[in-house]
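*Asks:* Contents are compact mmCIF, C-alpha atoms (C1' of nucleotides); file name data_2.txt:
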# COMPACT_ATOMS: atom_id res chain seq x y z
CA MET A 1 14.15 -25.35 -112.02
CA PRO A 2 16.88 -27.87 -112.77
CA LEU A 3 15.85 -31.23 -114.14
CA LEU A 4 17.96 -33.00 -111.56
CA GLN A 5 17.79 -32.05 -107.91
CA PRO A 6 20.25 -32.97 -105.13
CA GLY A 7 18.00 -35.50 -103.43
CA GLN A 8 17.16 -37.17 -106.71
CA ALA A 9 20.82 -37.28 -107.70
CA LEU A 10 21.83 -39.10 -104.52
CA THR A 11 18.89 -41.47 -104.75
CA LEU A 12 19.82 -42.28 -108.33
CA TRP A 13 23.38 -42.88 -107.19
CA GLN A 14 22.28 -45.16 -104.36
CA ARG A 15 19.92 -47.26 -106.45
CA ALA A 16 22.41 -47.73 -109.24
CA LEU A 17 25.22 -48.70 -106.84
CA LEU A 18 22.85 -50.98 -104.95
CA ALA A 19 21.91 -52.81 -108.13
CA GLN A 20 25.60 -53.20 -108.85
CA VAL A 21 26.29 -54.60 -105.37
CA HIS A 22 23.37 -56.98 -105.62
CA ASN A 23 24.61 -58.18 -108.97
CA ALA A 24 26.70 -61.31 -108.55
CA ASP A 25 29.26 -60.09 -111.08
CA PRO A 26 32.64 -59.34 -109.57
CA ASP A 27 32.72 -55.74 -108.42
CA LEU A 28 34.91 -53.33 -110.30
CA THR A 29 36.88 -50.79 -108.30
CA VAL A 30 35.91 -47.15 -108.72
CA ARG A 31 39.18 -46.67 -110.56
CA GLN A 32 38.65 -49.69 -112.77
CA MET A 33 35.15 -48.55 -113.65
CA THR A 34 36.46 -45.09 -114.51
CA ILE A 35 39.12 -46.58 -116.77
CA LEU A 36 36.56 -48.76 -118.51
CA LEU A 37 34.19 -45.86 -119.12
CA THR A 38 37.02 -43.67 -120.37
CA VAL A 39 38.17 -46.29 -122.87
CA TYR A 40 34.66 -46.65 -124.25
CA LEU A 41 33.50 -43.03 -124.15
CA ASN A 42 36.60 -41.02 -125.01
CA PRO A 43 38.00 -41.14 -128.55
CA PRO A 44 40.94 -43.51 -129.12
CA PRO A 45 43.80 -44.15 -129.11
CA HIS A 46 44.21 -45.02 -125.44
CA THR A 47 47.61 -45.73 -123.92
CA VAL A 48 48.70 -46.62 -120.40
CA ARG A 49 50.45 -43.31 -119.99
CA GLY A 50 47.52 -41.35 -121.38
CA LEU A 51 45.00 -43.02 -119.08
CA ALA A 52 47.29 -42.55 -116.08
CA GLU A 53 47.48 -38.82 -116.78
CA TYR A 54 43.77 -38.52 -117.45
CA LEU A 55 42.82 -40.22 -114.22
CA GLY A 56 45.62 -38.70 -112.17
CA VAL A 57 47.03 -42.04 -111.02
CA THR A 58 50.33 -43.84 -111.48
CA LYS A 59 51.07 -46.10 -114.43
CA PRO A 60 51.14 -49.34 -112.40
CA VAL A 61 47.56 -48.67 -111.40
CA ILE A 62 46.54 -48.67 -115.06
CA SER A 63 48.72 -51.65 -115.89
CA ARG A 64 47.25 -53.76 -113.11
CA ALA A 65 43.70 -52.68 -113.87
CA LEU A 66 44.21 -53.75 -117.46
CA ASP A 67 45.38 -57.15 -116.23
CA THR A 68 42.22 -57.58 -114.20
CA MET A 69 39.81 -56.26 -116.80
CA GLY A 70 41.64 -58.10 -119.53
CA THR A 71 41.04 -61.37 -117.68
CA MET A 72 37.39 -60.41 -117.46
CA GLY A 73 37.39 -59.78 -121.20
CA LEU A 74 36.32 -56.15 -120.81
CA VAL A 75 39.31 -54.65 -122.65
CA ARG A 76 42.15 -55.86 -124.84
CA ARG A 77 45.81 -54.89 -125.17
CA LYS A 78 47.63 -54.46 -128.47
CA ARG A 79 51.16 -53.34 -129.23
CA ASP A 80 51.33 -50.15 -131.26
CA GLU A 81 53.23 -51.21 -134.39
CA GLN A 82 54.09 -47.57 -135.20
CA ASP A 83 55.88 -47.14 -131.87
CA ARG A 84 56.40 -50.49 -130.23
CA ARG A 85 56.88 -48.88 -126.81
CA ASN A 86 53.19 -48.06 -126.67
CA VAL A 87 50.37 -50.39 -125.78
CA LEU A 88 46.98 -49.57 -127.21
CA ILE A 89 43.92 -50.38 -125.12
CA LEU A 90 41.10 -51.63 -127.30
CA ARG A 91 37.42 -52.23 -126.73
CA THR A 92 35.82 -55.66 -126.79
CA VAL A 93 32.35 -56.97 -127.46
CA ASP A 94 31.99 -58.11 -123.85
CA GLY A 95 33.03 -54.67 -122.61
CA SER A 96 30.46 -53.00 -124.84
CA LEU A 97 27.75 -55.28 -123.54
CA TYR A 98 28.82 -54.68 -119.96
CA LEU A 99 28.54 -50.91 -120.34
CA GLN A 100 25.33 -51.20 -122.29
CA ARG A 101 23.80 -53.06 -119.36
CA LEU A 102 25.12 -50.40 -116.99
CA GLY A 103 23.58 -47.65 -119.10
CA ASP A 104 20.24 -49.43 -119.20
CA LEU A 105 20.40 -49.92 -115.45
CA ILE A 106 20.97 -46.21 -114.81
CA ILE A 107 18.16 -45.26 -117.20
CA GLU A 108 15.80 -47.68 -115.55
CA THR A 109 16.74 -46.45 -112.09
CA ALA A 110 16.34 -42.85 -113.18
CA GLY A 111 12.86 -43.67 -114.37
CA GLU A 112 11.95 -45.16 -111.00
CA VAL A 113 13.26 -42.08 -109.24
CA GLY A 114 11.24 -39.88 -111.55
CA ILE A 115 13.97 -38.25 -113.61
CA MET B 116 11.70 -38.91 -125.65
CA PRO B 117 13.22 -39.73 -122.27
CA LEU B 118 15.01 -37.00 -120.40
CA LEU B 119 18.03 -39.21 -119.88
CA GLN B 120 19.51 -41.22 -122.72
CA PRO B 121 21.96 -44.14 -122.50
CA GLY B 122 24.99 -42.21 -123.76
CA GLN B 123 24.28 -39.33 -121.44
CA ALA B 124 23.84 -41.67 -118.50
CA LEU B 125 27.23 -43.30 -119.02
CA THR B 126 28.94 -39.96 -119.58
CA LEU B 127 27.41 -38.66 -116.37
CA TRP B 128 28.64 -41.76 -114.60
CA GLN B 129 32.14 -41.39 -116.01
CA ARG B 130 32.50 -37.71 -115.17
CA ALA B 131 31.21 -38.13 -111.64
CA LEU B 132 33.50 -41.09 -110.95
CA LEU B 133 36.41 -39.27 -112.53
CA ALA B 134 35.91 -36.29 -110.24
CA GLN B 135 35.83 -38.70 -107.33
CA VAL B 136 39.07 -40.39 -108.44
CA HIS B 137 40.76 -37.04 -108.95
CA ASN B 138 39.71 -35.96 -105.50
CA ALA B 139 42.48 -36.70 -103.02
CA ASP B 140 40.01 -37.88 -100.39
CA PRO B 141 40.38 -41.54 -99.52
CA ASP B 142 38.24 -43.58 -101.87
CA LEU B 143 35.25 -45.39 -100.47
CA THR B 144 34.54 -48.86 -101.77
CA VAL B 145 31.42 -49.31 -103.85
CA ARG B 146 29.95 -51.22 -100.94
CA GLN B 147 30.94 -48.60 -98.40
CA MET B 148 29.43 -45.85 -100.54
CA THR B 149 26.21 -47.83 -100.87
CA ILE B 150 26.03 -48.30 -97.11
CA LEU B 151 26.61 -44.62 -96.52
CA LEU B 152 23.91 -43.58 -98.98
CA THR B 153 21.47 -46.08 -97.54
CA VAL B 154 21.98 -44.81 -94.01
CA TYR B 155 21.33 -41.24 -95.10
CA LEU B 156 18.55 -41.78 -97.63
CA ASN B 157 16.50 -44.61 -96.17
CA PRO B 158 14.43 -44.01 -93.04
CA PRO B 159 15.99 -45.16 -89.74
CA PRO B 160 16.53 -47.18 -87.70
CA HIS B 161 19.51 -48.89 -89.32
CA THR B 162 21.06 -52.03 -87.89
CA VAL B 163 23.96 -54.21 -89.00
CA ARG B 164 21.63 -57.07 -89.82
CA GLY B 165 19.22 -54.81 -91.67
CA LEU B 166 21.91 -53.26 -93.80
CA ALA B 167 23.44 -56.65 -94.54
CA GLU B 168 20.09 -57.94 -95.78
CA TYR B 169 19.34 -54.80 -97.76
CA LEU B 170 22.68 -54.89 -99.55
CA GLY B 171 22.82 -58.66 -99.87
CA VAL B 172 26.19 -59.02 -98.13
CA THR B 173 27.39 -60.73 -94.97
CA LYS B 174 27.35 -59.05 -91.58
CA PRO B 175 31.13 -58.80 -91.23
CA VAL B 176 31.17 -56.67 -94.35
CA ILE B 177 28.87 -54.16 -92.67
CA SER B 178 30.73 -54.34 -89.38
CA ARG B 179 34.09 -53.63 -91.00
CA ALA B 180 32.70 -50.89 -93.20
CA LEU B 181 31.32 -49.21 -90.10
CA ASP B 182 34.77 -49.39 -88.52
CA THR B 183 36.30 -47.64 -91.52
CA MET B 184 33.60 -45.03 -91.98
CA GLY B 185 33.38 -44.49 -88.24
CA THR B 186 37.06 -43.59 -88.18
CA MET B 187 36.38 -41.17 -91.02
CA GLY B 188 33.56 -39.68 -88.97
CA LEU B 189 30.95 -40.44 -91.63
CA VAL B 190 28.69 -42.54 -89.40
CA ARG B 191 28.34 -43.31 -85.70
CA ARG B 192 27.42 -46.44 -83.74
CA LYS B 193 25.08 -46.53 -80.77
CA ARG B 194 23.80 -49.42 -78.69
CA ASP B 195 20.05 -49.84 -78.84
CA GLU B 196 18.96 -49.49 -75.21
CA GLN B 197 15.63 -51.21 -75.96
CA ASP B 198 17.41 -54.34 -77.16
CA ARG B 199 21.05 -54.22 -76.30
CA ARG B 200 21.91 -56.83 -78.93
CA ASN B 201 21.27 -54.28 -81.64
CA VAL B 202 23.61 -51.57 -82.78
CA LEU B 203 22.01 -48.50 -84.34
CA ILE B 204 23.90 -46.73 -87.10
CA LEU B 205 23.44 -42.98 -86.84
CA ARG B 206 24.22 -40.08 -89.15
CA THR B 207 26.83 -37.44 -88.43
CA VAL B 208 27.37 -33.87 -89.49
CA ASP B 209 30.52 -34.83 -91.42
CA GLY B 210 28.62 -37.57 -93.22
CA SER B 211 25.88 -35.16 -94.22
CA LEU B 212 28.42 -32.71 -95.57
CA TYR B 213 30.20 -35.48 -97.46
CA LEU B 214 27.01 -36.55 -99.22
CA GLN B 215 25.96 -32.97 -99.82
CA ARG B 216 29.21 -32.42 -101.70
CA LEU B 217 28.62 -35.62 -103.67
CA GLY B 218 25.13 -34.47 -104.60
CA ASP B 219 26.41 -31.10 -105.73
CA LEU B 220 29.12 -32.81 -107.75
CA ILE B 221 26.62 -34.99 -109.59
CA ILE B 222 24.35 -32.01 -110.26
CA GLU B 223 27.25 -29.99 -111.57
CA THR B 224 28.41 -32.86 -113.76
CA ALA B 225 24.90 -33.39 -115.06
CA GLY B 226 24.77 -29.74 -116.05
CA GLU B 227 28.00 -30.06 -118.01
CA VAL B 228 26.67 -33.11 -119.80
CA GLY B 229 23.48 -31.24 -120.64
CA ILE B 230 20.99 -33.08 -118.47
C1' DG C 231 77.08 -47.24 -132.82
C1' DC C 232 75.71 -45.77 -128.35
C1' DA C 233 74.04 -43.25 -124.49
C1' DA C 234 69.90 -40.96 -122.92
C1' DA C 235 64.92 -40.70 -122.81
C1' DC C 236 60.66 -42.93 -122.89
C1' DT C 237 56.96 -46.63 -122.34
C1' DG C 238 54.86 -50.27 -120.07
C1' DA C 239 55.53 -54.18 -116.88
C1' DT C 240 57.15 -56.15 -112.63
C1' DA C 241 59.08 -56.81 -107.56
C1' DC C 242 58.44 -55.53 -103.02
C1' DG C 243 56.42 -54.27 -98.63
C1' DG C 244 52.36 -52.70 -96.72
C1' DT C 245 47.38 -52.06 -96.19
C1' DC C 246 42.72 -53.19 -96.82
C1' DC C 247 38.89 -56.24 -97.95
C1' DC C 248 36.65 -60.72 -98.25
C1' DG C 249 34.05 -65.18 -96.73
C1' DA C 250 33.61 -68.74 -93.33
C1' DA C 251 33.82 -69.89 -88.80
C1' DA C 252 34.14 -69.06 -84.02
C1' DC C 253 33.00 -65.91 -80.39
C1' DA C 254 30.78 -62.80 -76.67
C1' DA C 255 26.79 -60.37 -75.18
C1' DC C 256 22.04 -60.26 -74.85
C1' DA C 257 16.90 -61.66 -75.06
C1' DC C 258 13.40 -64.88 -74.41
C1' DG C 259 10.66 -69.06 -73.50
C1' DT C 260 10.06 -72.71 -70.45
C1' DA D 261 17.61 -70.42 -63.65
C1' DC D 262 18.94 -72.24 -67.93
C1' DG D 263 19.20 -73.58 -72.69
C1' DT D 264 18.17 -71.74 -77.26
C1' DG D 265 18.22 -68.28 -80.67
C1' DT D 266 19.68 -63.70 -82.08
C1' DT D 267 22.92 -59.82 -82.83
C1' DG D 268 27.18 -57.85 -83.72
C1' DT D 269 32.23 -58.54 -83.49
C1' DT D 270 36.51 -60.85 -84.15
C1' DT D 271 39.78 -64.25 -86.03
C1' DC D 272 41.94 -66.62 -89.73
C1' DG D 273 43.82 -67.60 -94.26
C1' DG D 274 43.73 -65.78 -98.74
C1' DG D 275 43.45 -62.42 -102.30
C1' DA D 276 43.52 -57.70 -104.39
C1' DC D 277 45.13 -53.16 -104.50
C1' DC D 278 48.46 -49.35 -103.71
C1' DG D 279 53.00 -46.48 -104.22
C1' DT D 280 57.84 -46.62 -104.85
C1' DA D 281 61.45 -48.32 -107.07
C1' DT D 282 63.30 -51.05 -110.56
C1' DC D 283 63.42 -53.55 -114.92
C1' DA D 284 63.23 -54.78 -120.10
C1' DG D 285 62.21 -53.22 -124.62
C1' DT D 286 62.09 -49.40 -127.91
C1' DT D 287 63.07 -44.97 -129.87
C1' DT D 288 65.71 -40.91 -130.57
C1' DG D 289 69.57 -37.80 -131.04
C1' DC D 290 74.41 -37.19 -131.16
Could you show the structure in this file as structure tokens?
*Replies:*
Amino acid sequence: MPLLQPGQALTLWQRALLAQVHNADPDLTVRQMTILLTVYLNPPPHTVRGLAEYLGVTKPVISRALDTMGTMGLVRRKRDEQDRRNVLILRTVDGSLYLQRLGDLIIETAGEVGI
Amino acid sequence: MPLLQPGQALTLWQRALLAQVHNADPDLTVRQMTILLTVYLNPPPHTVRGLAEYLGVTKPVISRALDTMGTMGLVRRKRDEQDRRNVLILRTVDGSLYLQRLGDLIIETAGEVGI
DNA sequence: GCAAACTGATACGGTCCCGAAACAACACGT
DNA sequence: ACGTGTTGTTTCGGGACCGTATCAGTTTGC
């Protein structure tokens, strides 16, 4: 018997999204959230082109998402001095905290659902 | 030791969102997805006002989301004949299939992550 | 030195979403 | 019957996002 069953999975998903909607913080797009998680969970370095390929979206999508999340302080841009065409996407303290809260939220929700 | 740990939770979240981004299907907003899950997981009846309160958003948000998801065939509207001011939000076969696929996707992702 | 290739950012036109306010349809108490 | 309150929808101005095409800066190979 699997630890996670379909009904539980959807309930977990609903509760976690609901908490996020309730939260007054500005909502991140599904794409933005995926970019943020990728930057913090996958090993660096991260570039615009690399993220665009990984997510299967166009480069402007990444560029604009970095603008938005940069303003929010969730990520940071830095020129690659080895190859000045590249832009490296770096993590920030605020971004780490943001995702830490998200992780705690999912864990807490999972507990309530009985996972 | 909890079954689900913070790192695993975020990885699960990332992989599931990534699969959703990769999928060519038109993306649902976080709010729209939450509405859809609520309609299918919480016991009926569902009204515009009820959903707006439950999600903590304004009524127009619900009304417009129902327009969009109605066009996609994910939910259906029906006048309440008991009190014709109300609109009941009903489930559809397509909506059930959509969420079933989402549930399977999360389960599958969880398996890959080792949950 | 210079043209071609590459990387990330930007301009443009279009679509969708948002919040506040106004609106139409309906129920209910007097 | 009629005014009040309720419910859901629509309108309006504004903002964010998207995809395509284009642009500026940098590297690479001849």
*Asks:* Emit as AutoDock Vina command-line options the padded axis-aligned box for all listed atoms of stretch 66-80 of chain A, 3 Å per side, with centre and edge lengths in Å to one decimal.
*Replies:*
--center_x 43.8 --center_y -55.8 --center_z -122.7 --size_x 21.0 --size_y 17.2 --size_z 23.1
*Asks:* Per residue of chain D within 12 Å of chain B, what are the shortest atom pair and its distance in Å to one decimal, counting only C-alpha atoms (C1' of nucleotides), with rows by chain and residue number, as a Markdown table?
*Replies:*
| residue | atom | partner | partner_atom | distance |
| --- | --- | --- | --- | --- |
| D:DT266 | C1' | B:Arg200 | CA | 7.9 |
| D:DT267 | C1' | B:Arg200 | CA | 5.0 |
| D:DG268 | C1' | B:Val163 | CA | 7.2 |
| D:DT269 | C1' | B:Ser178 | CA | 7.4 |
| D:DT270 | C1' | B:Pro175 | CA | 9.1 |
| D:DT271 | C1' | B:Pro175 | CA | 11.5 |
| D:DC277 | C1' | B:Thr144 | CA | 11.8 |
| D:DC278 | C1' | B:Asp142 | CA | 11.9 |
*Asks:* At a cut-off of 8 Å, using all atoms listed in the file, what residues contact stretch 206-210 of chain B? Leave out same-chain residues fewer than 6 positions from it and give the result as a list in words.
*Replies:*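 Neighbouring residues, sequence-local ones excluded: Val154, Tyr155, Gly188, Leu189, Val190 and Arg191 of chain B.
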*Asks:* Between B:Leu217, B:Val228, B:Val172, B:Leu125, which one has atoms that come closest to chain C, using all atoms listed in the file?
*Replies:*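 Among the listed residues, the smallest separation from chain C belongs to B:Val172.
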*Asks:* Closest to B:Asp142 among B:Gln215, B:Thr183, B:Gln129, B:Thr224, using all atoms listed in the file?
*Replies:*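 Checking each candidate against B:Asp142, we get B:Thr183 as the closest.
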*Asks:* Would you compute the distance between atom CA of A:Ile106 and atom CA of B:Ala124? Give it in Å to one decimal.
*Replies:*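 Distance between the two atoms: 6.5 Å.
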*Asks:* State, in Å with one decimal place, the distance from atom CA of A:Ala19 to atom CA of B:Leu166.
*Replies:* 14.3 Å
*Asks:* Please report as a ChimeraX atom specification which residues of chain C come no farther than 8 Å from chain B, using all atoms listed in the file.
*Replies:* /C:248,255-257
*Asks:* Of the candidates B:Leu170, B:Gln147, B:Arg216, B:Pro159, which shows the shortest atom-to-atom distance to chain A, using only C-alpha atoms?
*Replies:* B:Leu170
*Asks:* Pick from A:Tyr54, A:Gly70, A:Asn42, A:Leu17: nearest to A:Val30, with all atoms listed in the file counted?
*Replies:* A:Leu17
*Asks:* Using all atoms listed in the file, can you tell me which of B:Leu133, B:Leu220, B:Leu203, B:Leu181 comes closest to chain A?
*Replies:*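 Of B:Leu133, B:Leu220, B:Leu203, B:Leu181, the one nearest chain A is B:Leu133, counting all atoms listed in the file.
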*Asks:* Pick the closest to A:Arg77 from A:Ala52, A:Gln20, A:His46, A:Gly103: which is it, counting only C-alpha atoms?
*Replies:* A:His46
*Asks:* Figure out the distance between atom CA of B:Thr149 and atom C1' of C:DG249, please, to one decimal in Å.
*Replies:*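 About the pair atom C1' of C:DG249 and atom CA of B:Thr149: they are 19.5 Å apart.
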*Asks:* Hey, what's within 12 Å of C:DT260 if we count all atoms listed in the file and toss same-chain stuff fewer than 3 positions away? As JSON, numbers by chain, please?
*Replies:* {"D": [261, 262, 263, 264]}
